[in-house]
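Text of target_37.pdb (PDB, C-alpha atoms, pLDDT in the B column) as supplied:
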ATOM      1  CA  MET A 137      21.915  47.066  42.223  1.00 57.00           C
ATOM      2  CA  ASP A 138      18.315  47.401  41.038  1.00 77.00           C
ATOM      3  CA  ALA A 139      16.352  44.368  39.846  1.00 85.00           C
ATOM      4  CA  PHE A 140      15.816  46.100  36.500  1.00 90.00           C
ATOM      5  CA  GLN A 141      18.127  48.427  34.600  1.00 92.00           C
ATOM      6  CA  TYR A 142      18.126  49.714  31.066  1.00 91.00           C
ATOM      7  CA  GLU A 143      20.368  51.751  28.819  1.00 91.00           C
ATOM      8  CA  LEU A 144      19.299  53.544  25.659  1.00 90.00           C
ATOM      9  CA  THR A 145      22.039  52.806  23.157  1.00 87.00           C
ATOM     10  CA  SER A 146      20.250  54.542  20.274  1.00 86.00           C
ATOM     11  CA  GLU A 147      16.753  55.569  19.219  1.00 85.00           C
ATOM     12  CA  THR A 148      16.186  52.019  18.031  1.00 88.00           C
ATOM     13  CA  ALA A 149      18.003  49.926  20.659  1.00 89.00           C
ATOM     14  CA  ILE A 150      17.753  49.460  24.416  1.00 92.00           C
ATOM     15  CA  ASN A 151      19.893  47.139  26.534  1.00 92.00           C
ATOM     16  CA  LEU A 152      18.011  45.596  29.469  1.00 92.00           C
ATOM     17  CA  ARG A 153      19.290  43.895  32.616  1.00 92.00           C
ATOM     18  CA  TYR A 154      16.773  41.994  34.725  1.00 91.00           C
ATOM     19  CA  GLU A 155      17.220  40.057  37.954  1.00 90.00           C
ATOM     20  CA  TYR A 156      15.424  36.736  38.133  1.00 88.00           C
ATOM     21  CA  GLY A 157      16.109  34.147  40.825  1.00 85.00           C
ATOM     22  CA  GLY A 158      19.117  36.051  42.139  1.00 86.00           C
ATOM     23  CA  GLU A 159      20.829  36.183  38.717  1.00 87.00           C
ATOM     24  CA  TYR A 160      21.015  39.033  36.230  1.00 89.00           C
ATOM     25  CA  PHE A 161      20.005  38.390  32.634  1.00 88.00           C
ATOM     26  CA  THR A 162      20.665  40.649  29.665  1.00 89.00           C
ATOM     27  CA  PHE A 163      18.200  41.351  26.873  1.00 89.00           C
ATOM     28  CA  ASN A 164      18.282  43.640  23.888  1.00 89.00           C
ATOM     29  CA  LEU A 165      15.143  45.449  22.769  1.00 90.00           C
ATOM     30  CA  PHE A 166      15.572  46.773  19.255  1.00 89.00           C
ATOM     31  CA  ARG A 167      13.364  48.142  16.502  1.00 86.00           C
ATOM     32  CA  ASP A 168      13.322  46.661  13.040  1.00 82.00           C
ATOM     33  CA  ASP A 169      11.023  47.192  10.055  1.00 77.00           C
ATOM     34  CA  SER A 170       8.136  45.333  11.658  1.00 76.00           C
ATOM     35  CA  GLY A 171       8.315  46.677  15.223  1.00 83.00           C
ATOM     36  CA  TRP A 172      10.246  46.102  18.438  1.00 88.00           C
ATOM     37  CA  VAL A 173      12.044  42.800  19.082  1.00 88.00           C
ATOM     38  CA  LEU A 174      13.087  41.446  22.493  1.00 88.00           C
ATOM     39  CA  HIS A 175      16.109  39.141  22.316  1.00 86.00           C
ATOM     40  CA  PRO A 176      18.007  37.395  25.162  1.00 84.00           C
ATOM     41  CA  PHE A 177      21.795  37.673  25.192  1.00 77.00           C
ATOM     42  CA  ASP A 178      22.798  35.359  28.056  1.00 71.00           C
ATOM     43  CA  GLY A 179      24.159  31.935  27.218  1.00 69.00           C
ATOM     44  CA  MET A 180      22.060  30.323  29.961  1.00 71.00           C
ATOM     45  CA  LEU A 181      18.878  31.691  28.397  1.00 72.00           C
ATOM     46  CA  LEU A 182      19.932  30.771  24.876  1.00 67.00           C
ATOM     47  CA  ARG A 183      20.731  27.193  25.941  1.00 71.00           C
ATOM     48  CA  ASN A 184      17.680  26.679  28.179  1.00 76.00           C
ATOM     49  CA  GLN A 185      14.506  27.518  26.302  1.00 76.00           C
ATOM     50  CA  ALA A 186      12.109  26.944  29.208  1.00 81.00           C
ATOM     51  CA  MET A 187      14.172  29.163  31.512  1.00 83.00           C
ATOM     52  CA  CYS A 188      14.360  31.831  28.834  1.00 83.00           C
ATOM     53  CA  THR A 189      10.587  31.840  28.495  1.00 83.00           C
ATOM     54  CA  LEU A 190      10.070  32.076  32.271  1.00 85.00           C
ATOM     55  CA  VAL A 191      12.473  35.006  32.611  1.00 87.00           C
ATOM     56  CA  ALA A 192      10.944  36.843  29.634  1.00 86.00           C
ATOM     57  CA  GLN A 193       7.406  36.304  30.961  1.00 85.00           C
ATOM     58  CA  GLU A 194       8.394  37.747  34.339  1.00 89.00           C
ATOM     59  CA  LEU A 195      10.165  40.672  32.658  1.00 89.00           C
ATOM     60  CA  PHE A 196       6.912  41.623  30.897  1.00 87.00           C
ATOM     61  CA  LYS A 197       5.103  41.562  34.262  1.00 88.00           C
ATOM     62  CA  HIS A 198       7.790  43.661  35.981  1.00 89.00           C
ATOM     63  CA  LYS A 199       6.436  47.156  36.670  1.00 91.00           C
ATOM     64  CA  PRO A 200       9.713  49.066  36.113  1.00 91.00           C
ATOM     65  CA  PHE A 201       9.955  47.411  32.670  1.00 91.00           C
ATOM     66  CA  GLN A 202       6.384  48.483  31.909  1.00 89.00           C
ATOM     67  CA  VAL A 203       7.151  52.034  33.033  1.00 90.00           C
ATOM     68  CA  MET A 204      10.290  52.113  30.854  1.00 91.00           C
ATOM     69  CA  LEU A 205       8.203  51.051  27.851  1.00 90.00           C
ATOM     70  CA  ALA A 206       5.712  53.828  28.570  1.00 88.00           C
ATOM     71  CA  LYS A 207       8.487  56.413  28.929  1.00 89.00           C
ATOM     72  CA  GLU A 208      10.003  55.356  25.638  1.00 88.00           C
ATOM     73  CA  GLY A 209       6.631  55.270  23.857  1.00 87.00           C
ATOM     74  CA  ILE A 210       6.681  51.539  23.155  1.00 88.00           C
ATOM     75  CA  LEU A 211       3.374  49.656  23.189  1.00 86.00           C
ATOM     76  CA  PHE A 212       3.215  46.045  24.379  1.00 79.00           C
ATOM     77  CA  THR A 213       1.451  45.237  21.138  1.00 80.00           C
ATOM     78  CA  ASP A 214       4.468  46.527  19.182  1.00 83.00           C
ATOM     79  CA  ILE A 215       6.838  44.036  20.825  1.00 87.00           C
ATOM     80  CA  ARG A 216       7.551  40.614  19.464  1.00 84.00           C
ATOM     81  CA  SER A 217      10.033  38.270  20.986  1.00 80.00           C
ATOM     82  CA  THR A 218      12.536  35.710  19.843  1.00 75.00           C
ATOM     83  CA  VAL A 219      11.126  33.765  22.800  1.00 69.00           C
ATOM     84  CA  ASN A 220       7.753  32.018  22.593  1.00 65.00           C
ATOM     85  CA  LEU A 221       6.032  33.522  25.648  1.00 61.00           C
ATOM     86  CA  ASP A 222       2.816  31.535  25.273  1.00 59.00           C
ATOM     87  CA  ASN A 223       4.036  28.002  25.904  1.00 49.00           C
ATOM     88  CA  VAL A 224       7.028  27.210  28.100  1.00 42.00           C
ATOM     89  CA  ASN A 225       7.439  23.802  26.459  1.00 41.00           C
ATOM     90  CA  ALA A 226       7.450  25.169  22.917  1.00 41.00           C
ATOM     91  CA  PRO A 227      10.842  25.599  21.276  1.00 38.00           C
ATOM     92  CA  VAL A 228      12.349  29.059  21.215  1.00 37.00           C
ATOM     93  CA  ALA A 229      13.256  30.257  17.745  1.00 39.00           C
ATOM     94  CA  ALA A 230      14.243  33.571  16.293  1.00 38.00           C
ATOM     95  CA  ARG A 231      11.556  34.889  14.008  1.00 39.00           C
ATOM     96  CA  ASN A 232      12.440  37.098  11.112  1.00 37.00           C
ATOM     97  CA  GLU A 233       8.929  38.248  10.370  1.00 39.00           C
ATOM     98  CA  ARG A 234       6.143  39.234  12.668  1.00 43.00           C
ATOM     99  CA  GLU A 235       3.788  36.333  13.097  1.00 46.00           C
ATOM    100  CA  PRO A 236       0.161  37.048  12.362  1.00 47.00           C
ATOM    101  CA  ARG A 237      -1.854  37.672  15.465  1.00 46.00           C
ATOM    102  CA  GLY A 238      -4.825  35.554  16.342  1.00 51.00           C
ATOM    103  CA  ASN A 239      -7.903  37.664  16.119  1.00 54.00           C
ATOM    104  CA  LEU A 240      -7.438  41.405  15.657  1.00 55.00           C
ATOM    105  CA  ALA A 241     -10.856  42.050  17.211  1.00 60.00           C
ATOM    106  CA  ASP A 242      -9.768  40.175  20.383  1.00 64.00           C
ATOM    107  CA  ASP A 243      -6.538  42.227  20.551  1.00 66.00           C
ATOM    108  CA  LEU A 244      -8.554  45.404  20.193  1.00 69.00           C
ATOM    109  CA  MET A 245     -11.013  44.394  22.931  1.00 73.00           C
ATOM    110  CA  GLU A 246      -8.160  43.439  25.255  1.00 74.00           C
ATOM    111  CA  PHE A 247      -6.551  46.829  24.683  1.00 69.00           C
ATOM    112  CA  VAL A 248      -9.851  48.642  25.304  1.00 70.00           C
ATOM    113  CA  GLN A 249     -10.475  46.690  28.517  1.00 76.00           C
ATOM    114  CA  GLN A 250      -6.977  47.293  29.879  1.00 79.00           C
ATOM    115  CA  HIS A 251      -6.724  51.045  29.197  1.00 77.00           C
ATOM    116  CA  SER A 252      -8.915  53.978  30.109  1.00 83.00           C
ATOM    117  CA  ILE A 253      -9.458  56.687  27.520  1.00 84.00           C
ATOM    118  CA  GLU A 254      -7.418  59.023  29.718  1.00 86.00           C
ATOM    119  CA  GLU A 255      -4.482  56.574  29.590  1.00 82.00           C
ATOM    120  CA  VAL A 256      -4.725  56.340  25.811  1.00 82.00           C
ATOM    121  CA  ILE A 257      -4.774  60.133  25.473  1.00 86.00           C
ATOM    122  CA  ASP A 258      -1.852  60.489  27.934  1.00 85.00           C
ATOM    123  CA  TYR A 259       0.105  57.924  25.935  1.00 80.00           C
ATOM    124  CA  GLU A 260      -0.575  59.747  22.677  1.00 84.00           C
ATOM    125  CA  CYS A 261       0.449  63.043  24.301  1.00 87.00           C
ATOM    126  CA  LYS A 262       3.763  61.498  25.320  1.00 85.00           C
ATOM    127  CA  LEU A 263       4.326  60.185  21.794  1.00 83.00           C
ATOM    128  CA  VAL A 264       3.583  63.564  20.236  1.00 86.00           C
ATOM    129  CA  GLY A 265       5.776  65.265  22.864  1.00 87.00           C
ATOM    130  CA  SER A 266       8.682  62.999  21.956  1.00 84.00           C
ATOM    131  CA  ARG A 267       8.222  63.857  18.261  1.00 85.00           C
ATOM    132  CA  ILE A 268       8.253  67.581  19.117  1.00 88.00           C
ATOM    133  CA  SER A 269      11.518  67.115  21.030  1.00 86.00           C
ATOM    134  CA  PHE A 270      13.010  65.135  18.147  1.00 83.00           C
ATOM    135  CA  TYR A 271      12.257  67.813  15.552  1.00 85.00           C
ATOM    136  CA  GLN A 272      13.288  70.638  17.869  1.00 88.00           C
ATOM    137  CA  GLU A 273      16.660  68.933  18.211  1.00 86.00           C
ATOM    138  CA  ILE A 274      16.908  68.806  14.413  1.00 85.00           C
ATOM    139  CA  LEU A 275      16.141  72.538  14.298  1.00 86.00           C
ATOM    140  CA  GLN A 276      18.864  73.214  16.853  1.00 87.00           C
ATOM    141  CA  ARG A 277      21.395  71.249  14.838  1.00 85.00           C
ATOM    142  CA  MET A 278      20.362  72.992  11.629  1.00 85.00           C
ATOM    143  CA  PHE A 279      20.742  76.353  13.372  1.00 83.00           C
ATOM    144  CA  MET A 280      24.211  75.355  14.609  1.00 84.00           C
ATOM    145  CA  ASP A 281      25.071  74.540  10.973  1.00 84.00           C
ATOM    146  CA  ASN A 282      24.158  78.147  10.049  1.00 85.00           C
ATOM    147  CA  LEU A 283      20.766  77.274   8.617  1.00 83.00           C
ATOM    148  CA  GLY A 284      17.920  79.442   9.817  1.00 82.00           C
ATOM    149  CA  PRO A 285      14.386  80.622   9.150  1.00 86.00           C
ATOM    150  CA  SER A 286      15.288  81.717   5.619  1.00 89.00           C
ATOM    151  CA  ASP A 287      16.191  78.122   4.647  1.00 88.00           C
ATOM    152  CA  PRO A 288      13.257  76.197   3.049  1.00 89.00           C
ATOM    153  CA  GLU A 289      14.142  72.926   4.819  1.00 88.00           C
ATOM    154  CA  PHE A 290      14.397  74.723   8.162  1.00 87.00           C
ATOM    155  CA  GLN A 291      10.952  76.232   7.531  1.00 90.00           C
ATOM    156  CA  LYS A 292       9.464  72.811   6.801  1.00 90.00           C
ATOM    157  CA  ILE A 293      10.881  71.364  10.021  1.00 88.00           C
ATOM    158  CA  GLN A 294       9.447  74.374  11.884  1.00 92.00           C
ATOM    159  CA  ASP A 295       6.074  73.618  10.289  1.00 93.00           C
ATOM    160  CA  ILE A 296       6.309  70.001  11.457  1.00 91.00           C
ATOM    161  CA  VAL A 297       6.998  71.208  15.024  1.00 91.00           C
ATOM    162  CA  ARG A 298       4.028  73.594  14.868  1.00 93.00           C
ATOM    163  CA  ILE A 299       1.717  70.856  13.604  1.00 93.00           C
ATOM    164  CA  TYR A 300       2.811  68.517  16.405  1.00 90.00           C
ATOM    165  CA  GLU A 301       2.426  71.314  18.982  1.00 93.00           C
ATOM    166  CA  GLN A 302      -1.119  71.990  17.765  1.00 94.00           C
ATOM    167  CA  SER A 303      -1.870  68.267  17.901  1.00 91.00           C
ATOM    168  CA  LEU A 304      -0.497  68.038  21.431  1.00 91.00           C
ATOM    169  CA  GLU A 305      -2.635  70.967  22.505  1.00 92.00           C
ATOM    170  CA  ARG A 306      -5.764  69.365  21.048  1.00 92.00           C
ATOM    171  CA  LEU A 307      -4.959  65.987  22.610  1.00 89.00           C
ATOM    172  CA  THR A 308      -4.337  67.595  25.995  1.00 90.00           C
ATOM    173  CA  ASP A 309      -7.679  69.403  25.732  1.00 91.00           C
ATOM    174  CA  LEU A 310      -9.424  66.025  25.349  1.00 88.00           C
ATOM    175  CA  ASN A 311      -8.422  65.039  28.886  1.00 83.00           C
ATOM    176  CA  GLY A 312      -9.148  68.423  30.391  1.00 76.00           C
ATOM    177  CA  PRO A 313      -7.273  69.517  33.507  1.00 65.00           C
ATOM    178  CA  ASN A 314      -4.984  66.751  34.764  1.00 53.00           C
ATOM    179  CA  LEU A 315      -5.547  67.108  38.514  1.00 45.00           C
ATOM    180  CA  ASP A 316      -4.783  63.543  39.579  1.00 48.00           C
ATOM    181  CA  ALA A 317      -2.946  61.617  36.865  1.00 47.00           C
ATOM    182  CA  GLY A 318      -1.521  59.087  39.336  1.00 47.00           C
ATOM    183  CA  SER A 319      -4.902  57.597  40.216  1.00 44.00           C
ATOM    184  CA  ARG A 320      -5.388  56.240  36.703  1.00 45.00           C
ATOM    185  CA  ASP A 321      -2.309  53.998  36.675  1.00 43.00           C
ATOM    186  CA  ARG A 322      -3.059  50.326  36.157  1.00 42.00           C
ATOM    187  CA  PHE A 323       0.455  49.113  36.870  1.00 35.00           C
TER     188      PHE A 323
END
Would you mind writing the file out in C-alpha coordinates?
Amino acid sequence: MDAFQYELTSETAINLRYEYGGEYFTFNLFRDDSGWVLHPFDGMLLRNQAMCTLVAQELFKHKPFQVMLAKEGILFTDIRSTVNLDNVNAPVAARNEREPRGNLADDLMEFVQQHSIEEVIDYECKLVGSRISFYQEILQRMFMDNLGPSDPEFQKIQDIVRIYEQSLERLTDLNGPNLDAGSRDRF
(Lines of atoms letter the chains of each structure in order from A and count residues from 1; the text may use other names and numbers.)
(Lines give C-alpha, C1' and ligand atoms only; values in the text may rest on other atoms or scores of the structure.)
Protein backbone atom coordinates (compact mmCIF):
# COMPACT_ATOMS: atom_id res chain seq x y z
CA MET A 1 0.00 0.00 0.00
CA ASP A 2 1.27 3.48 -0.88
CA ALA A 3 2.22 5.96 1.84
CA PHE A 4 -0.33 8.40 0.42
CA GLN A 5 -3.69 7.70 -1.19
CA TYR A 6 -6.63 9.89 -2.05
CA GLU A 7 -10.14 9.48 -3.35
CA LEU A 8 -12.24 12.20 -4.95
CA THR A 9 -15.68 11.79 -3.43
CA SER A 10 -17.10 14.88 -5.14
CA GLU A 11 -15.94 18.15 -6.69
CA THR A 12 -15.75 19.61 -3.20
CA ALA A 13 -14.45 16.68 -1.11
CA ILE A 14 -11.36 14.48 -1.12
CA ASN A 15 -10.61 11.66 1.31
CA LEU A 16 -6.90 11.31 2.12
CA ARG A 17 -4.96 8.43 3.67
CA TYR A 18 -1.41 9.13 4.81
CA GLU A 19 1.16 6.84 6.42
CA TYR A 20 3.10 8.34 9.29
CA GLY A 21 5.25 6.27 11.65
CA GLY A 22 3.97 3.00 10.22
CA GLU A 23 0.30 3.90 10.80
CA TYR A 24 -2.29 5.15 8.34
CA PHE A 25 -4.25 8.29 9.18
CA THR A 26 -7.37 9.53 7.43
CA PHE A 27 -8.09 13.16 6.59
CA ASN A 28 -10.88 14.85 4.71
CA LEU A 29 -10.15 17.83 2.47
CA PHE A 30 -13.35 19.67 1.66
CA ARG A 31 -14.34 23.03 0.21
CA ASP A 32 -16.62 25.40 2.04
CA ASP A 33 -17.56 29.04 1.42
CA SER A 34 -14.16 30.33 2.50
CA GLY A 35 -11.86 27.80 0.82
CA TRP A 36 -10.51 24.30 1.39
CA VAL A 37 -10.46 22.76 4.88
CA LEU A 38 -8.24 19.87 6.02
CA HIS A 39 -9.77 17.85 8.86
CA PRO A 40 -8.44 14.70 10.61
CA PHE A 41 -10.83 11.78 11.05
CA ASP A 42 -8.81 9.34 13.18
CA GLY A 43 -9.57 9.10 16.87
CA MET A 44 -5.86 9.05 17.73
CA LEU A 45 -5.35 12.37 15.97
CA LEU A 46 -8.47 13.92 17.46
CA ARG A 47 -7.41 12.89 20.99
CA ASN A 48 -3.72 13.80 20.65
CA GLN A 49 -3.34 17.36 19.44
CA ALA A 50 0.46 17.35 19.22
CA MET A 51 0.46 14.13 17.19
CA CYS A 52 -2.24 15.52 14.92
CA THR A 53 -0.15 18.60 14.23
CA LEU A 54 2.97 16.54 13.48
CA VAL A 55 1.12 14.28 11.04
CA ALA A 56 -0.56 17.22 9.29
CA GLN A 57 2.75 19.10 8.99
CA GLU A 58 4.39 16.06 7.40
CA LEU A 59 1.41 15.58 5.07
CA PHE A 60 1.90 19.12 3.72
CA LYS A 61 5.58 18.33 3.06
CA HIS A 62 4.77 15.02 1.33
CA LYS A 63 5.40 15.34 -2.42
CA PRO A 64 2.55 13.07 -3.59
CA PHE A 65 0.14 15.23 -1.54
CA GLN A 66 1.56 18.36 -3.18
CA VAL A 67 1.19 16.79 -6.63
CA MET A 68 -2.42 15.80 -5.86
CA LEU A 69 -3.17 19.41 -4.88
CA ALA A 70 -1.66 20.63 -8.15
CA LYS A 71 -3.65 18.10 -10.18
CA GLU A 72 -6.86 19.15 -8.49
CA GLY A 73 -6.09 22.87 -8.85
CA ILE A 74 -5.87 23.56 -5.12
CA LEU A 75 -3.40 26.19 -3.92
CA PHE A 76 -1.65 25.81 -0.56
CA THR A 77 -2.83 29.30 0.25
CA ASP A 78 -6.45 28.18 -0.21
CA ILE A 79 -6.16 25.50 2.49
CA ARG A 80 -6.92 26.09 6.11
CA SER A 81 -6.82 23.39 8.70
CA THR A 82 -8.71 22.42 11.80
CA VAL A 83 -5.19 21.73 13.10
CA ASN A 84 -2.89 24.55 14.18
CA LEU A 85 0.18 23.78 12.04
CA ASP A 86 2.30 26.61 13.41
CA ASN A 87 2.76 25.54 17.02
CA VAL A 88 2.73 21.91 18.11
CA ASN A 89 1.94 22.91 21.70
CA ALA A 90 -1.02 25.08 20.77
CA PRO A 91 -4.46 23.53 21.18
CA VAL A 92 -6.17 22.17 18.10
CA ALA A 93 -9.60 23.63 17.50
CA ALA A 94 -12.00 23.57 14.62
CA ARG A 95 -12.33 26.99 13.07
CA ASN A 96 -15.53 28.03 11.42
CA GLU A 97 -14.15 31.09 9.71
CA ARG A 98 -10.89 31.65 7.96
CA GLU A 99 -8.50 33.38 10.29
CA PRO A 100 -6.95 36.56 8.98
CA ARG A 101 -3.48 36.04 7.64
CA GLY A 102 -0.53 37.89 9.04
CA ASN A 103 0.77 40.21 6.42
CA LEU A 104 -0.65 39.88 2.91
CA ALA A 105 2.52 41.43 1.46
CA ASP A 106 4.63 38.69 3.13
CA ASP A 107 2.32 35.98 1.73
CA LEU A 108 2.64 37.50 -1.71
CA MET A 109 6.44 37.68 -1.50
CA GLU A 110 6.63 34.08 -0.29
CA PHE A 111 4.49 32.98 -3.23
CA VAL A 112 6.63 34.95 -5.69
CA GLN A 113 9.85 33.49 -4.27
CA GLN A 114 8.58 29.91 -4.34
CA HIS A 115 7.12 29.88 -7.88
CA SER A 116 8.56 30.74 -11.26
CA ILE A 117 6.38 32.62 -13.71
CA GLU A 118 6.28 29.48 -15.85
CA GLU A 119 4.87 27.51 -12.89
CA VAL A 120 2.22 30.16 -12.28
CA ILE A 121 1.20 30.13 -15.95
CA ASP A 122 1.17 26.29 -16.02
CA TYR A 123 -1.02 26.29 -12.92
CA GLU A 124 -3.44 28.77 -14.46
CA CYS A 125 -3.53 26.70 -17.66
CA LYS A 126 -4.50 23.64 -15.63
CA LEU A 127 -7.24 25.59 -13.85
CA VAL A 128 -8.66 26.91 -17.11
CA GLY A 129 -8.39 23.42 -18.65
CA SER A 130 -10.41 21.96 -15.78
CA ARG A 131 -13.10 24.63 -16.29
CA ILE A 132 -13.25 23.78 -20.01
CA SER A 133 -13.73 20.10 -19.15
CA PHE A 134 -16.42 20.97 -16.61
CA TYR A 135 -18.47 23.02 -19.07
CA GLN A 136 -17.95 20.53 -21.89
CA GLU A 137 -19.44 17.88 -19.62
CA ILE A 138 -22.43 20.15 -19.03
CA LEU A 139 -22.82 20.53 -22.80
CA GLN A 140 -22.72 16.76 -23.22
CA ARG A 141 -25.41 16.28 -20.60
CA MET A 142 -27.55 19.01 -22.13
CA PHE A 143 -27.17 17.35 -25.54
CA MET A 144 -28.19 13.99 -24.04
CA ASP A 145 -31.30 15.74 -22.67
CA ASN A 146 -32.18 16.76 -26.26
CA LEU A 147 -30.97 20.33 -25.89
CA GLY A 148 -28.75 21.56 -28.69
CA PRO A 149 -27.31 24.59 -30.44
CA SER A 150 -30.76 26.10 -30.93
CA ASP A 151 -31.31 26.31 -27.15
CA PRO A 152 -30.29 29.71 -25.65
CA GLU A 153 -28.82 28.14 -22.49
CA PHE A 154 -26.83 25.66 -24.57
CA GLN A 155 -25.48 28.57 -26.63
CA LYS A 156 -24.39 30.43 -23.49
CA ILE A 157 -22.54 27.38 -22.18
CA GLN A 158 -20.87 27.04 -25.59
CA ASP A 159 -19.82 30.69 -25.32
CA ILE A 160 -18.33 30.02 -21.88
CA VAL A 161 -16.31 27.11 -23.33
CA ARG A 162 -15.09 29.29 -26.20
CA ILE A 163 -14.03 32.07 -23.83
CA TYR A 164 -12.11 29.60 -21.66
CA GLU A 165 -10.51 28.02 -24.75
CA GLN A 166 -9.36 31.45 -25.95
CA SER A 167 -8.02 32.21 -22.47
CA LEU A 168 -6.16 28.90 -22.39
CA GLU A 169 -4.63 29.62 -25.77
CA ARG A 170 -3.45 33.06 -24.64
CA LEU A 171 -2.07 31.69 -21.37
CA THR A 172 -0.23 28.91 -23.20
CA ASP A 173 1.27 31.48 -25.57
CA LEU A 174 2.77 33.31 -22.57
CA ASN A 175 5.02 30.34 -21.81
CA GLY A 176 5.90 29.66 -25.42
CA PRO A 177 6.86 26.15 -26.48
CA ASN A 178 6.97 23.80 -23.49
CA LEU A 179 10.08 21.78 -24.37
CA ASP A 180 11.15 20.78 -20.86
CA ALA A 181 8.36 21.28 -18.33
CA GLY A 182 9.87 18.78 -15.87
CA SER A 183 12.95 20.90 -15.16
CA ARG A 184 10.88 23.63 -13.53
CA ASP A 185 9.41 21.48 -10.76
CA ARG A 186 10.25 22.66 -7.26
CA PHE A 187 8.86 19.61 -5.49
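Going from atom CA of Gln250 of chain A over to atom CA of Gln185 of chain A, you cover 29.4 Å.
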- [ ] Check which residues satisfy the PyMOL selection byres ((chain A and resi 290-298) around 8) in the file shown, then give them as a ChimeraX atom specification.
- [x] /A:268,271-272,274-275,278,283-289,299-302
- [ ] Would you mind reading off the distance between atom CA of Gly158 of chain A and atom CA of Val191 of chain A, one decimal, in Å?
- [x] 11.7 Å
Task: Contacts of Gly209 of chain A at 12 Å (all atoms listed in the file; same-chain gap of 3+ positions) as a ChimeraX atom specification - done: /A:147-148,172,202-206,212-215,256,258-267
Using C-alpha atoms, can you export the residues from the last selection as an mmCIF file, in the frame of the given file?
data_model
loop_
_atom_site.group_PDB
_atom_site.id
_atom_site.type_symbol
_atom_site.label_atom_id
_atom_site.label_comp_id
_atom_site.auth_asym_id
_atom_site.auth_seq_id
_atom_site.Cartn_x
_atom_site.Cartn_y
_atom_site.Cartn_z
ATOM 1 C CA GLU A 147 16.753 55.569 19.219
ATOM 2 C CA THR A 148 16.186 52.019 18.031
ATOM 3 C CA TRP A 172 10.246 46.102 18.438
ATOM 4 C CA GLN A 202 6.384 48.483 31.909
ATOM 5 C CA VAL A 203 7.151 52.034 33.033
ATOM 6 C CA MET A 204 10.290 52.113 30.854
ATOM 7 C CA LEU A 205 8.203 51.051 27.851
ATOM 8 C CA ALA A 206 5.712 53.828 28.570
ATOM 9 C CA PHE A 212 3.215 46.045 24.379
ATOM 10 C CA THR A 213 1.451 45.237 21.138
ATOM 11 C CA ASP A 214 4.468 46.527 19.182
ATOM 12 C CA ILE A 215 6.838 44.036 20.825
ATOM 13 C CA VAL A 256 -4.725 56.340 25.811
ATOM 14 C CA ASP A 258 -1.852 60.489 27.934
ATOM 15 C CA TYR A 259 0.105 57.924 25.935
ATOM 16 C CA GLU A 260 -0.575 59.747 22.677
ATOM 17 C CA CYS A 261 0.449 63.043 24.301
ATOM 18 C CA LYS A 262 3.763 61.498 25.320
ATOM 19 C CA LEU A 263 4.326 60.185 21.794
ATOM 20 C CA VAL A 264 3.583 63.564 20.236
ATOM 21 C CA GLY A 265 5.776 65.265 22.864
ATOM 22 C CA SER A 266 8.682 62.999 21.956
ATOM 23 C CA ARG A 267 8.222 63.857 18.261
#
Task: Atomic separation - atom CA of Thr162 of chain A relative to atom CA of Leu181 of chain A, Å - done: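 Between these atoms lies a distance of 9.2 Å.
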Return the padded bounding box of segment 173-191 of chain A as AutoDock Vina command-line options: axis-aligned, built from all atoms listed in the file, 8 Å added on each side, with centre and edge lengths in Å to one decimal.
--center_x 17.1 --center_y 34.7 --center_z 25.8 --size_x 30.1 --size_y 32.1 --size_z 29.5
Open item on the list: Translate the PyMOL selection byres ((chain A and resi 171) around 9) into a concrete residue list for this structure, as a ChimeraX atom specification.
Closed with: /A:166-170,172-173,214-216,234
